[in-house]
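Asker: Encoded as structure tokens, here's the structure I'll be asking about.
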Amino acid sequence: MAELAADVKVDCKGLTCPMPVVKTKKALSQITSGQVLEVTATDPGSKSDIPALVRNMGSELLETRDEQGSVVFLIRKK
Amino acid sequence: MSKGRKFIGIALMTGVFLWIIYYIVRMKGYASMDASSLSDEQIAAIKNSIQSSVIISGLLIGGLLGAVVQRSKFCIAAACHNIVTTNDMTQTRAYAMALFVAIPATQLLYRLGSVDIAHSIYIDSPFTWLSYIAGGFIFGIGIVYAGGCASRILVRAGEGNLGGLVSVLAFIFSSGATLWGITAKLRVDYFDKLTLDLKNQYLPDMFGGVPAWAVILVIEAALLAFMLKSPKESEWRGWRWPMAGAAIGLIVVVAWWINGLAFKAVPNVDSFSFTGPNDPTLLQTWRPKSLTFALADAQTFRYIILWTGESINFAIATVLGVLAGSFIAALISGTFQWVAPPLQQFKYNLVGGLLMGFGAVLAMGCNIGQGLSGISSLSAGSVLTMAFIFFGAIAGAKFMTWSIMREA
């Protein structure tokens with residue numbers, strides 16, 4: 001699969017729950033519909049919390065991948 | 001995670017659990033024995049064995065808790081604030097499941113005479129309502145900023161997160177001050193002065209005439225209804241929530257069990273010093289208890305830095321166990337990782353830990369002590385405290401969201 005280009009990137013490395021969720025929420029509220037947001041997090045809780053947030057905000061989680069100890073999420077705002 | 005690592009993890013947890021059961025069986029023997037025909041040496045040996053059984057079970061129970069929390073991702077802090085942050089109730093269901101298991105099992109042990117919860121601090125204490133409300137609320141705000149409850153921050157430190165370590169140190173500092181030091185005066189002179197005159201704090205006794213089993217049945221039905229209500233597809237990437245909750249509930253029950261039996265066993269071998277279950281010296285050291293972290297972190301620190309004249313107890317053993325258990329679980333699962341948080345997170349960890357320490361001692365318990373151990377004993381104060389931990393966490397999460405949204 002070709003790498004999706006993110007319009008906005010949010011670095012949540014080293015942040016603990018619920019900070020990554022709040023930062024993602026903020027970024028999602030600032031981008032426009034159809035744009036792609038990339039979130040990088042290290043908190044183990046984020047693996048469940050970010051997908052739950054994305055679903056409950058009605059956006060779409062395009063991809064989740066592990067990258068050198070971090071998790072990277074690609075989210076498209078609906 | 002590879003199959004081999006998973007197998008090692010499951011085998012270790014099962015082994016530790018069986019080891020705890022072994023101590024419970026041994027303690028059961030001491031609790032029902034007649035020591036009148038034993039020699040002084042035999043009695044001294046049994047006394048030592050009771051002491052060491054409690055301490056070793058504390059290490060094992062703490063270790064199991066640390067490993068389960070690390071692997072399952074169970075988190076009562078998230079159970080409280082997710083309603084604001086992610087709007088996902090899976091963690092809250094896991095917490096309900098823990099109570100669903102712990103309440104009837106603890107009450108059964110009480111009815112069977114194994115665990116005298118009526119002599120625990122949750123039931124046998126003045127109803128210091130202002131301390132419960134204020135302490136719970138402040139603690140609730142703290143867990144959002146520290147990013148976890150009193151046990152979760154220990155686990156986080158154990159898996160290599162330096163922010164978690166900062167929270168633990170801040171927690172030790174402020175809980176110690178509120179227990180023995182500068183803020184203790186504030187607690188004793190103002191907050192703890194306001195009490196409600198209750199015979200005891202046992203909830204079923206407050207519905208005059210209604211049998212305890214009926215109260216328990218209603219609570220269980222409510223928990224079940226909550227768990228079954230709209231179980232949306234979950235995004236939780238830990239253990240499945242019923243499994244995580246049940247495991248935590250079971251750990252609370254075995255912790256009650258070993259301590260309850262020890263409380264019965266001690267007077268058997270020391271009828272000379274102890275007059276009965278109401279004996280103040282007996283209550284001071286052997287009062288039936290389960291998991292609690294409010295006082296334990298500071299006690300552990302004091303034990304380590306003073307050593308002379310200090311003695312290890314069950315709570316200290318569980319703290320050391322949680323650190324070791326989460327560290328080992330993180331190593332085996334390959335999730336141990338040194339993490340240095342960004343500055344803003346460090347500040348939050350510090351402030352959160354300070355608030356948590358003050359709140360937890362004021363409320364006489366954290367979300368484990370009051371929220372699991374206390375509620376499973378059906379203490380009115382525990383339910384009140386937990387309700388305000390919940391409100392505090394919601395207020396904290398709302399405030400954090402608001403302040404981050406305002407940042408440029």
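Residues are named by chain letter and number: chains run A, B, ... in the order of the structure tokens, numbers start at 1 in each chain, and ligands are numbered from 1 in the order shown.
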Give me the residues of segment 281-352 of chain B that have any atom at most 12 Å from an atom of segment 34-50 of chain A; for each, the nearest atom pair and the distance in Å, rounded to one decimal. Use only C-alpha atoms, sort by chain and number, and format it as JSON lines.
Answerer:
{"residue": "B:Ala330", "atom": "CA", "partner": "A:Pro44", "partner_atom": "CA", "distance": 11.2}
{"residue": "B:Thr335", "atom": "CA", "partner": "A:Pro44", "partner_atom": "CA", "distance": 8.9}
{"residue": "B:Phe336", "atom": "CA", "partner": "A:Pro44", "partner_atom": "CA", "distance": 10.8}
{"residue": "B:Gln337", "atom": "CA", "partner": "A:Thr42", "partner_atom": "CA", "distance": 9.5}
{"residue": "B:Trp338", "atom": "CA", "partner": "A:Thr42", "partner_atom": "CA", "distance": 10.7}
{"residue": "B:Val339", "atom": "CA", "partner": "A:Thr42", "partner_atom": "CA", "distance": 8.4}
{"residue": "B:Ala340", "atom": "CA", "partner": "A:Thr42", "partner_atom": "CA", "distance": 10.6}
{"residue": "B:Pro341", "atom": "CA", "partner": "A:Thr42", "partner_atom": "CA", "distance": 9.8}
{"residue": "B:Pro342", "atom": "CA", "partner": "A:Thr42", "partner_atom": "CA", "distance": 11.9}
{"residue": "B:Gln345", "atom": "CA", "partner": "A:Asp43", "partner_atom": "CA", "distance": 12.0}
Asker: Residues of chain B that have any atom at most 10 Å from an atom of chain A: could you tabulate them with the shortest-distance atom pair and the distance in Å to one decimal, using only C-alpha atoms, ordered by chain and increasing number, as JSON lines?
Answerer:
{"residue": "B:Gln70", "atom": "CA", "partner": "A:Pro44", "partner_atom": "CA", "distance": 9.2}
{"residue": "B:Arg71", "atom": "CA", "partner": "A:Pro44", "partner_atom": "CA", "distance": 9.7}
{"residue": "B:Lys73", "atom": "CA", "partner": "A:Gly45", "partner_atom": "CA", "distance": 6.8}
{"residue": "B:Phe74", "atom": "CA", "partner": "A:Gly45", "partner_atom": "CA", "distance": 9.3}
{"residue": "B:Cys75", "atom": "CA", "partner": "A:Gly45", "partner_atom": "CA", "distance": 9.1}
{"residue": "B:Ala77", "atom": "CA", "partner": "A:Cys17", "partner_atom": "CA", "distance": 9.3}
{"residue": "B:Ala78", "atom": "CA", "partner": "A:Pro18", "partner_atom": "CA", "distance": 7.7}
{"residue": "B:His81", "atom": "CA", "partner": "A:Pro18", "partner_atom": "CA", "distance": 8.3}
{"residue": "B:Asn82", "atom": "CA", "partner": "A:Pro18", "partner_atom": "CA", "distance": 8.3}
{"residue": "B:Val84", "atom": "CA", "partner": "A:Val22", "partner_atom": "CA", "distance": 9.8}
{"residue": "B:Thr85", "atom": "CA", "partner": "A:Val21", "partner_atom": "CA", "distance": 6.7}
{"residue": "B:Thr86", "atom": "CA", "partner": "A:Leu53", "partner_atom": "CA", "distance": 4.5}
{"residue": "B:Asn87", "atom": "CA", "partner": "A:Asn56", "partner_atom": "CA", "distance": 6.7}
{"residue": "B:Asp88", "atom": "CA", "partner": "A:Ala52", "partner_atom": "CA", "distance": 6.2}
{"residue": "B:Met89", "atom": "CA", "partner": "A:Ala52", "partner_atom": "CA", "distance": 9.6}
{"residue": "B:Thr90", "atom": "CA", "partner": "A:Ala52", "partner_atom": "CA", "distance": 9.7}
{"residue": "B:Ile143", "atom": "CA", "partner": "A:Pro18", "partner_atom": "CA", "distance": 9.9}
{"residue": "B:Val144", "atom": "CA", "partner": "A:Pro18", "partner_atom": "CA", "distance": 6.9}
{"residue": "B:Tyr145", "atom": "CA", "partner": "A:Pro18", "partner_atom": "CA", "distance": 8.2}
{"residue": "B:Ala146", "atom": "CA", "partner": "A:Thr16", "partner_atom": "CA", "distance": 8.1}
{"residue": "B:Gly147", "atom": "CA", "partner": "A:Cys17", "partner_atom": "CA", "distance": 5.2}
{"residue": "B:Gly148", "atom": "CA", "partner": "A:Cys17", "partner_atom": "CA", "distance": 7.6}
{"residue": "B:Arg156", "atom": "CA", "partner": "A:Thr16", "partner_atom": "CA", "distance": 9.5}
{"residue": "B:Asn161", "atom": "CA", "partner": "A:Gly14", "partner_atom": "CA", "distance": 8.3}
{"residue": "B:Leu162", "atom": "CA", "partner": "A:Gly14", "partner_atom": "CA", "distance": 9.4}
{"residue": "B:Gly163", "atom": "CA", "partner": "A:Gly14", "partner_atom": "CA", "distance": 8.4}
{"residue": "B:Gly164", "atom": "CA", "partner": "A:Thr16", "partner_atom": "CA", "distance": 8.9}
{"residue": "B:Glu233", "atom": "CA", "partner": "A:Ala52", "partner_atom": "CA", "distance": 9.5}
{"residue": "B:Ser234", "atom": "CA", "partner": "A:Ala52", "partner_atom": "CA", "distance": 7.6}
{"residue": "B:Glu235", "atom": "CA", "partner": "A:Ser48", "partner_atom": "CA", "distance": 5.1}
{"residue": "B:Trp236", "atom": "CA", "partner": "A:Ser48", "partner_atom": "CA", "distance": 4.5}
{"residue": "B:Arg237", "atom": "CA", "partner": "A:Ser48", "partner_atom": "CA", "distance": 5.2}
{"residue": "B:Gly238", "atom": "CA", "partner": "A:Ser48", "partner_atom": "CA", "distance": 7.9}
{"residue": "B:Thr335", "atom": "CA", "partner": "A:Gly69", "partner_atom": "CA", "distance": 8.5}
{"residue": "B:Phe336", "atom": "CA", "partner": "A:Gly69", "partner_atom": "CA", "distance": 9.9}
{"residue": "B:Gln337", "atom": "CA", "partner": "A:Gly69", "partner_atom": "CA", "distance": 7.9}
{"residue": "B:Trp338", "atom": "CA", "partner": "A:Gly14", "partner_atom": "CA", "distance": 9.7}
{"residue": "B:Val339", "atom": "CA", "partner": "A:Gly14", "partner_atom": "CA", "distance": 6.1}
{"residue": "B:Ala340", "atom": "CA", "partner": "A:Gly14", "partner_atom": "CA", "distance": 6.1}
{"residue": "B:Pro341", "atom": "CA", "partner": "A:Gly14", "partner_atom": "CA", "distance": 4.2}
{"residue": "B:Pro342", "atom": "CA", "partner": "A:Gly14", "partner_atom": "CA", "distance": 6.2}
{"residue": "B:Leu343", "atom": "CA", "partner": "A:Leu15", "partner_atom": "CA", "distance": 9.7}
{"residue": "B:Gln344", "atom": "CA", "partner": "A:Leu15", "partner_atom": "CA", "distance": 8.7}
{"residue": "B:Gln345", "atom": "CA", "partner": "A:Leu15", "partner_atom": "CA", "distance": 6.0}
{"residue": "B:Phe346", "atom": "CA", "partner": "A:Leu15", "partner_atom": "CA", "distance": 8.9}
{"residue": "B:Tyr348", "atom": "CA", "partner": "A:Thr16", "partner_atom": "CA", "distance": 9.7}
{"residue": "B:Asn349", "atom": "CA", "partner": "A:Thr16", "partner_atom": "CA", "distance": 9.0}
{"residue": "B:Ala397", "atom": "CA", "partner": "A:Pro18", "partner_atom": "CA", "distance": 8.0}
{"residue": "B:Lys398", "atom": "CA", "partner": "A:Val22", "partner_atom": "CA", "distance": 9.9}
{"residue": "B:Met400", "atom": "CA", "partner": "A:Val22", "partner_atom": "CA", "distance": 8.0}
{"residue": "B:Thr401", "atom": "CA", "partner": "A:Val22", "partner_atom": "CA", "distance": 5.9}
{"residue": "B:Trp402", "atom": "CA", "partner": "A:Val22", "partner_atom": "CA", "distance": 9.3}
{"residue": "B:Ile404", "atom": "CA", "partner": "A:Lys23", "partner_atom": "CA", "distance": 7.3}
{"residue": "B:Met405", "atom": "CA", "partner": "A:Lys26", "partner_atom": "CA", "distance": 5.9}
{"residue": "B:Arg406", "atom": "CA", "partner": "A:Lys26", "partner_atom": "CA", "distance": 9.4}
{"residue": "B:Glu407", "atom": "CA", "partner": "A:Lys26", "partner_atom": "CA", "distance": 9.8}
Asker: Quick one: residues within 8 Å of segment 312-314 of chain B, only C-alpha atoms, excluding same-chain residues fewer than 5 positions away - as a ChimeraX atom specification?
Answerer: /B:54-55,57-59,303
Asker: Interatomic distance between atom CA of Asn200 of chain B and atom CA of Val252 of chain B?
Answerer: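 Those two atoms sit 22.0 Å apart.
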Asker: Report, in Å with one decimal, the straight-line distance from atom CA of Lys193 of chain B to atom CA of Met364 of chain B.
Answerer: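 Pair atom CA of Lys193 of chain B / atom CA of Met364 of chain B returns 14.1 Å.
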Asker: Using DSSP assignments from the backbone, pull out every residue in segment 307-372 of chain B that falls under alpha helix (DSSP H) and give it to me as a PyMOL selection string.
Answerer: chain B and resi 314-332+343-362
Asker: Looking at B:Asp205, B:Ile103, B:Ala380, B:Leu12, which one is nearest to Leu217 of chain B, with distances taken over only C-alpha atoms?
Answerer: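 Looking at the shortest contact to Leu217 of chain B, the residue is B:Ile103.
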Asker: Could you list, as a PyMOL selection string, every residue within 12 Å of segment 210-213 of chain B, counting only C-alpha atoms and ignoring same-chain residues fewer than 2 positions away?
Answerer: chain B and resi 103-104+107-108+110-111+202-208+215-220+377-378
Asker: Could the residues in this selection be written to a file with C-alpha atoms, as an mmCIF file, in the first residue's frame?
Answerer:
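And here is the file that came out, result.cif:
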data_model
loop_
_atom_site.group_PDB
_atom_site.id
_atom_site.type_symbol
_atom_site.label_atom_id
_atom_site.label_comp_id
_atom_site.auth_asym_id
_atom_site.auth_seq_id
_atom_site.Cartn_x
_atom_site.Cartn_y
_atom_site.Cartn_z
ATOM 1 C CA ILE B 103 -18.610 -7.789 46.281
ATOM 2 C CA PRO B 104 -20.431 -11.158 46.575
ATOM 3 C CA GLN B 107 -19.541 -10.762 51.528
ATOM 4 C CA LEU B 108 -19.605 -14.553 51.387
ATOM 5 C CA TYR B 110 -17.705 -12.381 55.790
ATOM 6 C CA ARG B 111 -20.818 -14.539 56.290
ATOM 7 C CA TYR B 202 -22.008 -1.169 56.626
ATOM 8 C CA LEU B 203 -24.454 -0.270 53.841
ATOM 9 C CA PRO B 204 -26.957 -3.118 54.355
ATOM 10 C CA ASP B 205 -27.416 -1.922 57.960
ATOM 11 C CA MET B 206 -28.670 1.415 56.689
ATOM 12 C CA PHE B 207 -31.807 0.098 55.060
ATOM 13 C CA GLY B 208 -33.338 -0.879 58.416
ATOM 14 C CA VAL B 215 -29.060 -5.321 49.141
ATOM 15 C CA ILE B 216 -26.242 -7.329 47.532
ATOM 16 C CA LEU B 217 -28.638 -8.763 44.962
ATOM 17 C CA VAL B 218 -29.841 -5.298 43.947
ATOM 18 C CA ILE B 219 -26.244 -4.051 43.597
ATOM 19 C CA GLU B 220 -25.273 -7.096 41.515
ATOM 20 C CA SER B 377 -16.921 -4.550 52.029
ATOM 21 C CA LEU B 378 -20.088 -2.490 51.292
#
Asker: I'd like the neighbourhood of segment 355-361 of chain B as an MDAnalysis selection string, where a residue qualifies if any of its atoms comes within 7 Å (using only C-alpha atoms), though same-chain residues fewer than 5 positions away should be ignored.
Answerer: chainID B and resid 135:136 138:139 142:143 171:172 174:175 178:179 294:295 366
Asker: Please provide the set of residues having any atom within 12 Å of Ser37 of chain B, restricted to only C-alpha atoms, with same-chain residues fewer than 6 positions apart removed, written as a PyMOL selection string.
Answerer: chain B and resi 43+268-269
Asker: So how many Å separate atom CA of Phe191 of chain B and atom CA of Pro126 of chain B, to one decimal?
Answerer: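 Atom CA of Pro126 of chain B lies at a distance of 12.2 Å from atom CA of Phe191 of chain B.
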Asker: With distances taken over only C-alpha atoms, which residue among B:Tyr30, B:Tyr22, B:Phe17, B:Phe391 lies nearest Pro267 of chain B?
Answerer: B:Tyr30
Asker: Nearest to Leu384 of chain B among B:Leu282, B:Ala31, B:Leu130, B:Ala45, with distances taken over only C-alpha atoms: which residue is it?
Answerer: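 Using only C-alpha atoms, Leu384 of chain B sits closest to B:Leu130.
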